[in-house]
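Single-structure report; data block below.
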Amino acid sequence: MVVLMRACVALLLAVVLGAPAMATQATPKVIRVSAERFAFTPSEITVERGTVIEFHLTSEDTDHGFRILGTDVDVQIPKRRRGETVVTYAADTAGRFVIECSRPCGAGHTAMRAMLIVK
Ligand SMILES: [Cu+2]
């Protein structure tokens with residue numbers, strides 16, 4: 001949520017400051033991730049460092065969470081057909097980041113993981 005708000009503030013600033021500020025904004029890379037007990041698809045996401053990722057998150061069954069460890073991304077994914085969660089993350093740090101479900105969703109919850117690789 002904080003990340004989303006920051007994105008909104010950045011957008012507002014860009015509007016206030018005019019077109020030149022807009023031109024320096026990276027175009028977000030849209031990545032769709034679907035959650036289903038007990039996995040994320042895709043389970044591995046690779047981007048170049050500096051990429052601004054716009055995650056579009058949906059569930060195929062129940063409520064899930066989407067947390068990227070080591071970042072401030074931690075959002076809820078509503079259950080099937082209740083829409084999508086959009087969260088923006090600026091991948092400015094290279095490394096491997098574990099993504100985990102942050103909402104208890106059943107027996108395999110703790111194993112529900114994916115990997116974000118920033119090269
Ligand atoms: Cu879970």
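Residue numbering restarts at 1 in every chain; chains get A, B, ... in the order shown in the structure tokens, and ligands count up from 1 in that same order.
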
Please identify every polymer residue within 8 Å of ligand 1, using only C-alpha atoms and all ligand atoms, and present the set as a PyMOL selection string.
chain A and resi 37-38+63-65+100-106+108-110+112

Those residues with N, CA, C and O atoms, as an mmCIF file, in the first residue's frame please?
data_model
loop_
_atom_site.group_PDB
_atom_site.id
_atom_site.type_symbol
_atom_site.label_atom_id
_atom_site.label_comp_id
_atom_site.auth_asym_id
_atom_site.auth_seq_id
_atom_site.Cartn_x
_atom_site.Cartn_y
_atom_site.Cartn_z
ATOM 1 N N ARG A 37 -3.769 -22.283 -4.108
ATOM 2 C CA ARG A 37 -3.188 -23.199 -3.104
ATOM 3 C C ARG A 37 -2.299 -24.227 -3.785
ATOM 4 O O ARG A 37 -2.827 -25.029 -4.562
ATOM 5 N N PHE A 38 -1.019 -24.357 -3.560
ATOM 6 C CA PHE A 38 -0.231 -23.480 -2.713
ATOM 7 C C PHE A 38 0.951 -23.011 -3.536
ATOM 8 O O PHE A 38 2.085 -23.360 -3.273
ATOM 9 N N ASP A 63 -8.480 -16.255 -0.450
ATOM 10 C CA ASP A 63 -7.635 -15.087 -0.199
ATOM 11 C C ASP A 63 -6.191 -15.540 0.005
ATOM 12 O O ASP A 63 -5.941 -16.539 0.668
ATOM 13 N N HIS A 64 -5.273 -14.797 -0.569
ATOM 14 C CA HIS A 64 -3.857 -15.050 -0.362
ATOM 15 C C HIS A 64 -3.171 -13.734 -0.061
ATOM 16 O O HIS A 64 -3.780 -12.664 -0.145
ATOM 17 N N GLY A 65 -1.887 -13.851 0.286
ATOM 18 C CA GLY A 65 -1.077 -12.653 0.494
ATOM 19 C C GLY A 65 0.077 -12.675 -0.481
ATOM 20 O O GLY A 65 0.370 -13.706 -1.098
ATOM 21 N N GLU A 100 6.484 -14.657 -0.630
ATOM 22 C CA GLU A 100 5.721 -15.662 0.106
ATOM 23 C C GLU A 100 4.283 -15.213 0.285
ATOM 24 O O GLU A 100 3.971 -14.022 0.233
ATOM 25 N N CYS A 101 3.425 -16.199 0.494
ATOM 26 C CA CYS A 101 2.042 -15.899 0.819
ATOM 27 C C CYS A 101 2.022 -15.426 2.259
ATOM 28 O O CYS A 101 2.607 -16.055 3.131
ATOM 29 N N SER A 102 1.404 -14.275 2.513
ATOM 30 C CA SER A 102 1.411 -13.706 3.859
ATOM 31 C C SER A 102 0.040 -13.799 4.517
ATOM 32 O O SER A 102 -0.246 -13.098 5.476
ATOM 33 N N ARG A 103 -0.802 -14.650 3.963
ATOM 34 C CA ARG A 103 -2.116 -14.839 4.585
ATOM 35 C C ARG A 103 -2.374 -16.334 4.697
ATOM 36 O O ARG A 103 -2.383 -17.034 3.671
ATOM 37 N N PRO A 104 -2.579 -16.826 5.925
ATOM 38 C CA PRO A 104 -2.809 -18.261 6.101
ATOM 39 C C PRO A 104 -3.919 -18.760 5.173
ATOM 40 O O PRO A 104 -5.018 -18.204 5.161
ATOM 41 N N CYS A 105 -3.608 -19.770 4.353
ATOM 42 C CA CYS A 105 -4.573 -20.210 3.345
ATOM 43 C C CYS A 105 -4.749 -21.724 3.333
ATOM 44 O O CYS A 105 -5.410 -22.264 2.459
ATOM 45 N N GLY A 106 -4.131 -22.407 4.299
ATOM 46 C CA GLY A 106 -4.322 -23.853 4.364
ATOM 47 C C GLY A 106 -3.037 -24.592 4.676
ATOM 48 O O GLY A 106 -2.029 -23.982 5.020
ATOM 49 N N GLY A 108 -0.665 -26.052 3.030
ATOM 50 C CA GLY A 108 0.602 -25.821 2.331
ATOM 51 C C GLY A 108 1.021 -24.361 2.330
ATOM 52 O O GLY A 108 1.933 -23.971 1.605
ATOM 53 N N HIS A 109 0.364 -23.572 3.167
ATOM 54 C CA HIS A 109 0.607 -22.120 3.178
ATOM 55 C C HIS A 109 2.079 -21.749 3.311
ATOM 56 O O HIS A 109 2.581 -20.914 2.557
ATOM 57 N N THR A 110 2.775 -22.379 4.278
ATOM 58 C CA THR A 110 4.164 -21.976 4.535
ATOM 59 C C THR A 110 5.093 -22.335 3.372
ATOM 60 O O THR A 110 6.194 -21.815 3.278
ATOM 61 N N MET A 112 4.142 -21.898 0.243
ATOM 62 C CA MET A 112 3.654 -21.148 -0.920
ATOM 63 C C MET A 112 4.593 -19.985 -1.213
ATOM 64 O O MET A 112 4.495 -18.929 -0.595
#

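The space between CA of Ser43 (chain A) and CA of Ile68 (chain A) spans 12.7 Å.
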
Can you list every residue in region 10-115 of chain A that DSSP puts in strand (DSSP E), as a compact mmCIF listing (two decimals) with all heavy atoms, in the first residue's frame?
# COMPACT_ATOMS: atom_id res chain seq x y z
N LYS A 29 6.73 -2.24 -15.92
CA LYS A 29 6.59 -3.52 -16.60
C LYS A 29 5.47 -4.28 -15.88
O LYS A 29 5.58 -4.55 -14.68
CB LYS A 29 7.90 -4.29 -16.50
CG LYS A 29 7.90 -5.65 -17.16
CD LYS A 29 9.24 -6.35 -16.85
CE LYS A 29 9.28 -7.76 -17.39
NZ LYS A 29 9.44 -7.84 -18.84
N VAL A 30 4.41 -4.56 -16.60
CA VAL A 30 3.28 -5.26 -16.00
C VAL A 30 3.57 -6.76 -15.92
O VAL A 30 3.91 -7.38 -16.92
CB VAL A 30 1.98 -5.01 -16.81
CG1 VAL A 30 0.84 -5.87 -16.28
CG2 VAL A 30 1.61 -3.52 -16.76
N ILE A 31 3.48 -7.30 -14.72
CA ILE A 31 3.67 -8.74 -14.53
C ILE A 31 2.44 -9.29 -13.80
O ILE A 31 2.10 -8.82 -12.72
CB ILE A 31 4.94 -9.04 -13.72
CG1 ILE A 31 6.17 -8.57 -14.50
CG2 ILE A 31 5.04 -10.53 -13.38
CD1 ILE A 31 7.49 -8.76 -13.79
N ARG A 32 1.76 -10.22 -14.45
CA ARG A 32 0.57 -10.82 -13.86
C ARG A 32 0.94 -12.10 -13.12
O ARG A 32 1.65 -12.94 -13.67
CB ARG A 32 -0.47 -11.12 -14.95
CG ARG A 32 -1.00 -9.87 -15.58
CD ARG A 32 -1.95 -10.08 -16.72
NE ARG A 32 -2.05 -8.84 -17.48
CZ ARG A 32 -2.75 -7.77 -17.09
NH1 ARG A 32 -3.45 -7.82 -15.97
NH2 ARG A 32 -2.76 -6.68 -17.80
N VAL A 33 0.51 -12.17 -11.87
CA VAL A 33 0.80 -13.34 -11.05
C VAL A 33 -0.52 -13.87 -10.52
O VAL A 33 -1.35 -13.13 -10.01
CB VAL A 33 1.73 -13.00 -9.86
CG1 VAL A 33 1.97 -14.24 -9.00
CG2 VAL A 33 3.04 -12.40 -10.35
N SER A 34 -0.71 -15.18 -10.68
CA SER A 34 -1.92 -15.76 -10.13
C SER A 34 -1.55 -16.67 -8.95
O SER A 34 -0.52 -17.35 -8.96
CB SER A 34 -2.69 -16.49 -11.24
OG SER A 34 -2.67 -17.85 -11.05
N ALA A 35 -2.38 -16.62 -7.93
CA ALA A 35 -2.14 -17.40 -6.72
C ALA A 35 -3.19 -18.49 -6.63
O ALA A 35 -4.37 -18.27 -6.95
CB ALA A 35 -2.22 -16.49 -5.50
N GLU A 36 -2.75 -19.68 -6.24
CA GLU A 36 -3.67 -20.80 -6.06
C GLU A 36 -3.00 -21.75 -5.08
O GLU A 36 -1.81 -21.98 -5.17
CB GLU A 36 -3.90 -21.50 -7.41
CG GLU A 36 -4.91 -22.62 -7.35
CD GLU A 36 -5.26 -23.15 -8.75
OE1 GLU A 36 -4.52 -22.86 -9.71
OE2 GLU A 36 -6.27 -23.86 -8.87
N ALA A 39 0.67 -22.24 -4.56
CA ALA A 39 1.72 -21.81 -5.48
C ALA A 39 1.36 -20.48 -6.14
O ALA A 39 0.19 -20.10 -6.21
CB ALA A 39 1.95 -22.86 -6.55
N PHE A 40 2.40 -19.81 -6.60
CA PHE A 40 2.22 -18.63 -7.43
C PHE A 40 2.63 -19.01 -8.86
O PHE A 40 3.59 -19.75 -9.07
CB PHE A 40 3.11 -17.48 -6.96
CG PHE A 40 2.76 -16.92 -5.62
CD1 PHE A 40 3.49 -17.28 -4.48
CD2 PHE A 40 1.70 -16.04 -5.47
CE1 PHE A 40 3.17 -16.77 -3.24
CE2 PHE A 40 1.38 -15.51 -4.22
CZ PHE A 40 2.11 -15.88 -3.10
N THR A 41 1.92 -18.46 -9.84
CA THR A 41 2.29 -18.67 -11.24
C THR A 41 2.44 -17.31 -11.91
O THR A 41 1.49 -16.53 -11.88
CB THR A 41 1.21 -19.48 -11.98
OG1 THR A 41 0.96 -20.69 -11.23
CG2 THR A 41 1.65 -19.82 -13.38
N GLU A 44 8.77 -18.02 -10.79
CA GLU A 44 10.05 -17.33 -10.86
C GLU A 44 9.92 -16.15 -11.82
O GLU A 44 9.43 -16.31 -12.94
CB GLU A 44 11.15 -18.29 -11.34
CG GLU A 44 12.54 -17.73 -11.14
CD GLU A 44 13.62 -18.76 -11.47
OE1 GLU A 44 13.76 -19.75 -10.71
OE2 GLU A 44 14.30 -18.60 -12.50
N ILE A 45 10.32 -14.98 -11.34
CA ILE A 45 10.19 -13.74 -12.12
C ILE A 45 11.57 -13.10 -12.19
O ILE A 45 12.20 -12.89 -11.16
CB ILE A 45 9.19 -12.78 -11.43
CG1 ILE A 45 7.79 -13.41 -11.35
CG2 ILE A 45 9.16 -11.43 -12.15
CD1 ILE A 45 6.94 -12.84 -10.25
N THR A 46 12.03 -12.83 -13.39
CA THR A 46 13.36 -12.23 -13.55
C THR A 46 13.23 -10.89 -14.27
O THR A 46 12.57 -10.79 -15.30
CB THR A 46 14.28 -13.16 -14.35
OG1 THR A 46 14.33 -14.44 -13.70
CG2 THR A 46 15.68 -12.60 -14.44
N VAL A 47 13.84 -9.85 -13.69
CA VAL A 47 13.84 -8.53 -14.31
C VAL A 47 15.25 -7.93 -14.23
O VAL A 47 16.07 -8.38 -13.43
CB VAL A 47 12.84 -7.56 -13.62
CG1 VAL A 47 11.42 -8.06 -13.74
CG2 VAL A 47 13.22 -7.31 -12.16
N THR A 51 14.15 -1.88 -13.13
CA THR A 51 12.79 -2.07 -13.66
C THR A 51 11.76 -1.69 -12.60
O THR A 51 11.90 -2.04 -11.43
CB THR A 51 12.56 -3.56 -14.03
OG1 THR A 51 13.55 -3.96 -14.97
CG2 THR A 51 11.17 -3.78 -14.62
N VAL A 52 10.76 -0.94 -13.03
CA VAL A 52 9.62 -0.67 -12.15
C VAL A 52 8.57 -1.71 -12.51
O VAL A 52 8.08 -1.74 -13.63
CB VAL A 52 9.08 0.75 -12.33
CG1 VAL A 52 7.82 0.95 -11.48
CG2 VAL A 52 10.14 1.78 -11.95
N ILE A 53 8.28 -2.57 -11.55
CA ILE A 53 7.33 -3.66 -11.80
C ILE A 53 5.95 -3.26 -11.30
O ILE A 53 5.81 -2.76 -10.19
CB ILE A 53 7.75 -4.95 -11.08
CG1 ILE A 53 9.18 -5.33 -11.43
CG2 ILE A 53 6.79 -6.09 -11.42
CD1 ILE A 53 9.74 -6.44 -10.54
N GLU A 54 4.97 -3.48 -12.15
CA GLU A 54 3.58 -3.30 -11.72
C GLU A 54 2.96 -4.69 -11.66
O GLU A 54 2.63 -5.28 -12.69
CB GLU A 54 2.85 -2.40 -12.72
CG GLU A 54 1.46 -1.97 -12.26
CD GLU A 54 0.85 -0.99 -13.25
OE1 GLU A 54 1.26 0.19 -13.28
OE2 GLU A 54 -0.01 -1.42 -14.04
N PHE A 55 2.88 -5.23 -10.45
CA PHE A 55 2.30 -6.56 -10.26
C PHE A 55 0.78 -6.48 -10.31
O PHE A 55 0.18 -5.62 -9.65
CB PHE A 55 2.71 -7.14 -8.90
CG PHE A 55 4.14 -7.58 -8.80
CD1 PHE A 55 5.06 -6.82 -8.11
CD2 PHE A 55 4.56 -8.77 -9.39
CE1 PHE A 55 6.39 -7.23 -8.00
CE2 PHE A 55 5.88 -9.19 -9.29
CZ PHE A 55 6.80 -8.41 -8.60
N HIS A 56 0.18 -7.35 -11.09
CA HIS A 56 -1.28 -7.50 -11.10
C HIS A 56 -1.55 -8.89 -10.54
O HIS A 56 -1.20 -9.89 -11.17
CB HIS A 56 -1.83 -7.36 -12.53
CG HIS A 56 -1.78 -5.96 -13.04
ND1 HIS A 56 -2.90 -5.23 -13.37
CD2 HIS A 56 -0.72 -5.13 -13.26
CE1 HIS A 56 -2.55 -4.02 -13.78
NE2 HIS A 56 -1.22 -3.94 -13.73
N LEU A 57 -2.16 -8.93 -9.36
CA LEU A 57 -2.27 -10.18 -8.61
C LEU A 57 -3.71 -10.64 -8.52
O LEU A 57 -4.60 -9.87 -8.14
CB LEU A 57 -1.72 -9.95 -7.18
CG LEU A 57 -0.34 -9.28 -7.10
CD1 LEU A 57 -0.04 -8.85 -5.67
CD2 LEU A 57 0.74 -10.21 -7.62
N THR A 58 -3.93 -11.90 -8.87
CA THR A 58 -5.27 -12.47 -8.76
C THR A 58 -5.18 -13.85 -8.10
O THR A 58 -4.12 -14.47 -8.08
CB THR A 58 -5.95 -12.64 -10.13
OG1 THR A 58 -5.07 -13.36 -10.99
CG2 THR A 58 -6.30 -11.30 -10.76
N SER A 59 -6.31 -14.29 -7.58
CA SER A 59 -6.37 -15.61 -6.95
C SER A 59 -7.30 -16.51 -7.74
O SER A 59 -8.30 -16.06 -8.31
CB SER A 59 -6.89 -15.49 -5.51
OG SER A 59 -7.14 -16.78 -4.98
N HIS A 64 -5.27 -14.80 -0.57
CA HIS A 64 -3.86 -15.05 -0.36
C HIS A 64 -3.17 -13.73 -0.06
O HIS A 64 -3.78 -12.66 -0.15
CB HIS A 64 -3.22 -15.67 -1.62
CG HIS A 64 -3.67 -17.07 -1.90
ND1 HIS A 64 -3.25 -18.16 -1.18
CD2 HIS A 64 -4.54 -17.56 -2.83
CE1 HIS A 64 -3.81 -19.26 -1.64
NE2 HIS A 64 -4.61 -18.93 -2.65
N GLY A 65 -1.89 -13.85 0.29
CA GLY A 65 -1.08 -12.65 0.49
C GLY A 65 0.08 -12.68 -0.48
O GLY A 65 0.37 -13.71 -1.10
N PHE A 66 0.72 -11.54 -0.64
CA PHE A 66 1.88 -11.43 -1.55
C PHE A 66 2.88 -10.52 -0.87
O PHE A 66 2.70 -9.31 -0.81
CB PHE A 66 1.40 -10.84 -2.89
CG PHE A 66 2.47 -10.75 -3.95
CD1 PHE A 66 2.71 -11.82 -4.80
CD2 PHE A 66 3.21 -9.58 -4.13
CE1 PHE A 66 3.68 -11.73 -5.81
CE2 PHE A 66 4.17 -9.49 -5.13
CZ PHE A 66 4.41 -10.56 -5.98
N ARG A 67 3.91 -11.15 -0.31
CA ARG A 67 4.93 -10.38 0.39
C ARG A 67 6.28 -10.66 -0.25
O ARG A 67 6.63 -11.82 -0.49
CB ARG A 67 4.98 -10.79 1.86
CG ARG A 67 6.12 -10.12 2.64
CD ARG A 67 6.34 -10.79 3.98
NE ARG A 67 5.24 -10.56 4.89
CZ ARG A 67 4.89 -11.39 5.87
NH1 ARG A 67 5.53 -12.52 6.05
NH2 ARG A 67 3.88 -11.10 6.66
N ILE A 68 7.03 -9.60 -0.55
CA ILE A 68 8.38 -9.77 -1.07
C ILE A 68 9.31 -9.50 0.10
O ILE A 68 9.39 -8.36 0.59
CB ILE A 68 8.69 -8.80 -2.24
CG1 ILE A 68 7.62 -8.92 -3.34
CG2 ILE A 68 10.08 -9.10 -2.80
CD1 ILE A 68 7.80 -7.92 -4.48
N ASP A 74 3.78 -5.95 0.79
CA ASP A 74 3.01 -6.99 1.49
C ASP A 74 1.54 -6.63 1.33
O ASP A 74 1.03 -5.74 2.00
CB ASP A 74 3.39 -7.05 2.97
CG ASP A 74 2.68 -8.19 3.69
OD1 ASP A 74 1.98 -8.99 3.02
OD2 ASP A 74 2.82 -8.28 4.92
N VAL A 75 0.89 -7.29 0.39
CA VAL A 75 -0.51 -6.96 0.08
C VAL A 75 -1.38 -8.22 0.12
O VAL A 75 -0.88 -9.34 0.10
CB VAL A 75 -0.64 -6.29 -1.32
CG1 VAL A 75 0.04 -4.93 -1.32
CG2 VAL A 75 -0.06 -7.19 -2.41
N GLN A 76 -2.65 -8.01 0.17
CA GLN A 76 -3.61 -9.11 0.14
C GLN A 76 -4.10 -9.31 -1.29
O GLN A 76 -4.23 -8.34 -2.04
CB GLN A 76 -4.81 -8.77 1.04
CG GLN A 76 -4.45 -8.51 2.49
CD GLN A 76 -4.06 -9.78 3.22
OE1 GLN A 76 -4.84 -10.70 3.32
NE2 GLN A 76 -2.83 -9.83 3.71
N ILE A 77 -4.35 -10.56 -1.64
CA ILE A 77 -4.95 -10.87 -2.94
C ILE A 77 -6.36 -11.37 -2.66
O ILE A 77 -6.53 -12.35 -1.92
CB ILE A 77 -4.15 -11.96 -3.68
CG1 ILE A 77 -2.67 -11.58 -3.77
CG2 ILE A 77 -4.74 -12.20 -5.06
CD1 ILE A 77 -1.80 -12.69 -4.36
N THR A 85 -5.30 -7.20 -7.24
CA THR A 85 -4.53 -6.24 -6.46
C THR A 85 -3.39 -5.77 -7.35
O THR A 85 -2.71 -6.58 -7.97
CB THR A 85 -3.95 -6.89 -5.19
OG1 THR A 85 -5.04 -7.32 -4.39
CG2 THR A 85 -3.09 -5.91 -4.41
N VAL A 86 -3.20 -4.46 -7.42
CA VAL A 86 -2.09 -3.91 -8.19
C VAL A 86 -1.11 -3.27 -7.22
O VAL A 86 -1.51 -2.45 -6.39
CB VAL A 86 -2.58 -2.87 -9.22
CG1 VAL A 86 -1.40 -2.27 -9.98
CG2 VAL A 86 -3.56 -3.51 -10.20
N VAL A 87 0.14 -3.68 -7.31
CA VAL A 87 1.17 -3.09 -6.45
C VAL A 87 2.41 -2.83 -7.29
O VAL A 87 2.77 -3.63 -8.15
CB VAL A 87 1.48 -3.97 -5.22
CG1 VAL A 87 2.05 -5.32 -5.62
CG2 VAL A 87 2.41 -3.26 -4.26
N THR A 88 3.02 -1.68 -7.07
CA THR A 88 4.20 -1.30 -7.84
C THR A 88 5.45 -1.46 -6.99
O THR A 88 5.45 -1.14 -5.81
CB THR A 88 4.07 0.17 -8.29
OG1 THR A 88 2.86 0.31 -9.04
CG2 THR A 88 5.23 0.59 -9.18
N TYR A 89 6.49 -2.01 -7.61
CA TYR A 89 7.75 -2.16 -6.90
C TYR A 89 8.90 -1.77 -7.82
O TYR A 89 9.03 -2.29 -8.92
CB TYR A 89 7.93 -3.62 -6.43
CG TYR A 89 9.28 -3.86 -5.79
CD1 TYR A 89 9.65 -3.20 -4.63
CD2 TYR A 89 10.21 -4.72 -6.39
CE1 TYR A 89 10.90 -3.38 -4.06
CE2 TYR A 89 11.46 -4.91 -5.81
CZ TYR A 89 11.79 -4.25 -4.65
OH TYR A 89 13.03 -4.42 -4.10
N ALA A 90 9.72 -0.83 -7.36
CA ALA A 90 10.90 -0.42 -8.13
C ALA A 90 12.05 -1.34 -7.76
O ALA A 90 12.56 -1.30 -6.64
CB ALA A 90 11.24 1.03 -7.81
N ALA A 91 12.44 -2.20 -8.68
CA ALA A 91 13.48 -3.20 -8.42
C ALA A 91 14.86 -2.56 -8.60
O ALA A 91 15.55 -2.78 -9.59
CB ALA A 91 13.30 -4.39 -9.36
N GLY A 95 19.47 -8.94 -6.76
CA GLY A 95 19.47 -10.04 -5.81
C GLY A 95 18.31 -10.98 -6.05
O GLY A 95 17.58 -10.85 -7.03
N ARG A 96 18.20 -11.93 -5.15
CA ARG A 96 17.11 -12.89 -5.21
C ARG A 96 16.19 -12.63 -4.03
O ARG A 96 16.64 -12.63 -2.88
CB ARG A 96 17.66 -14.33 -5.16
CG ARG A 96 18.51 -14.67 -6.38
CD ARG A 96 19.26 -15.97 -6.17
NE ARG A 96 18.36 -17.12 -6.12
CZ ARG A 96 17.94 -17.79 -7.21
NH1 ARG A 96 18.34 -17.44 -8.40
NH2 ARG A 96 17.13 -18.82 -7.08
N PHE A 97 14.95 -12.39 -4.31
CA PHE A 97 14.00 -12.04 -3.26
C PHE A 97 12.90 -13.10 -3.19
O PHE A 97 12.25 -13.39 -4.20
CB PHE A 97 13.37 -10.66 -3.56
CG PHE A 97 14.38 -9.55 -3.60
CD1 PHE A 97 15.05 -9.26 -4.78
CD2 PHE A 97 14.67 -8.80 -2.47
CE1 PHE A 97 16.00 -8.24 -4.84
CE2 PHE A 97 15.62 -7.79 -2.51
CZ PHE A 97 16.28 -7.51 -3.70
N VAL A 98 12.74 -13.63 -2.01
CA VAL A 98 11.69 -14.64 -1.81
C VAL A 98 10.35 -13.93 -1.72
O VAL A 98 10.19 -12.92 -1.02
CB VAL A 98 11.95 -15.44 -0.52
CG1 VAL A 98 10.76 -16.36 -0.20
CG2 VAL A 98 13.23 -16.26 -0.65
N ILE A 99 9.39 -14.46 -2.47
CA ILE A 99 8.01 -13.99 -2.38
C ILE A 99 7.24 -15.06 -1.63
O ILE A 99 7.37 -16.25 -1.94
CB ILE A 99 7.40 -13.80 -3.79
CG1 ILE A 99 8.16 -12.73 -4.57
CG2 ILE A 99 5.91 -13.46 -3.69
CD1 ILE A 99 7.80 -12.66 -6.05
N GLU A 100 6.48 -14.66 -0.63
CA GLU A 100 5.72 -15.66 0.11
C GLU A 100 4.28 -15.21 0.28
O GLU A 100 3.97 -14.02 0.23
CB GLU A 100 6.36 -15.95 1.47
CG GLU A 100 6.35 -14.74 2.39
CD GLU A 100 6.90 -15.05 3.78
OE1 GLU A 100 7.65 -16.02 3.93
OE2 GLU A 100 6.55 -14.30 4.70
N ARG A 113 5.49 -20.23 -2.15
CA ARG A 113 6.56 -19.26 -2.40
C ARG A 113 6.82 -19.07 -3.88
O ARG A 113 6.45 -19.92 -4.70
CB ARG A 113 7.86 -19.76 -1.77
CG ARG A 113 7.71 -20.05 -0.29
CD ARG A 113 8.90 -19.56 0.42
NE ARG A 113 8.60 -19.29 1.81
CZ ARG A 113 9.54 -19.09 2.72
NH1 ARG A 113 10.80 -19.15 2.38
NH2 ARG A 113 9.19 -18.82 3.94
N ALA A 114 7.47 -17.96 -4.17
CA ALA A 114 7.95 -17.71 -5.53
C ALA A 114 9.26 -16.95 -5.37
O ALA A 114 9.67 -16.63 -4.25
CB ALA A 114 6.94 -16.90 -6.33
N MET A 115 9.93 -16.66 -6.47
CA MET A 115 11.22 -15.99 -6.41
C MET A 115 11.26 -14.83 -7.39
O MET A 115 10.87 -14.98 -8.54
CB MET A 115 12.33 -17.01 -6.75
CG MET A 115 13.72 -16.48 -6.65
SD MET A 115 14.24 -16.09 -4.96
CE MET A 115 14.49 -17.75 -4.32

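You will find CA of Ile117 (chain A) at 9.1 Å from CA of Arg49 (chain A).
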
Report, in Å to a single decimal, how far apart CA of Leu69 (chain A) and CA of Ala111 (chain A) are.
14.3 Å

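Between Gly70 (chain A) and the candidates A:Glu84, A:Gly50, A:Ala94, A:Ala26, the tightest atom-to-atom separation, counting only C-alpha atoms, involves A:Ala94.
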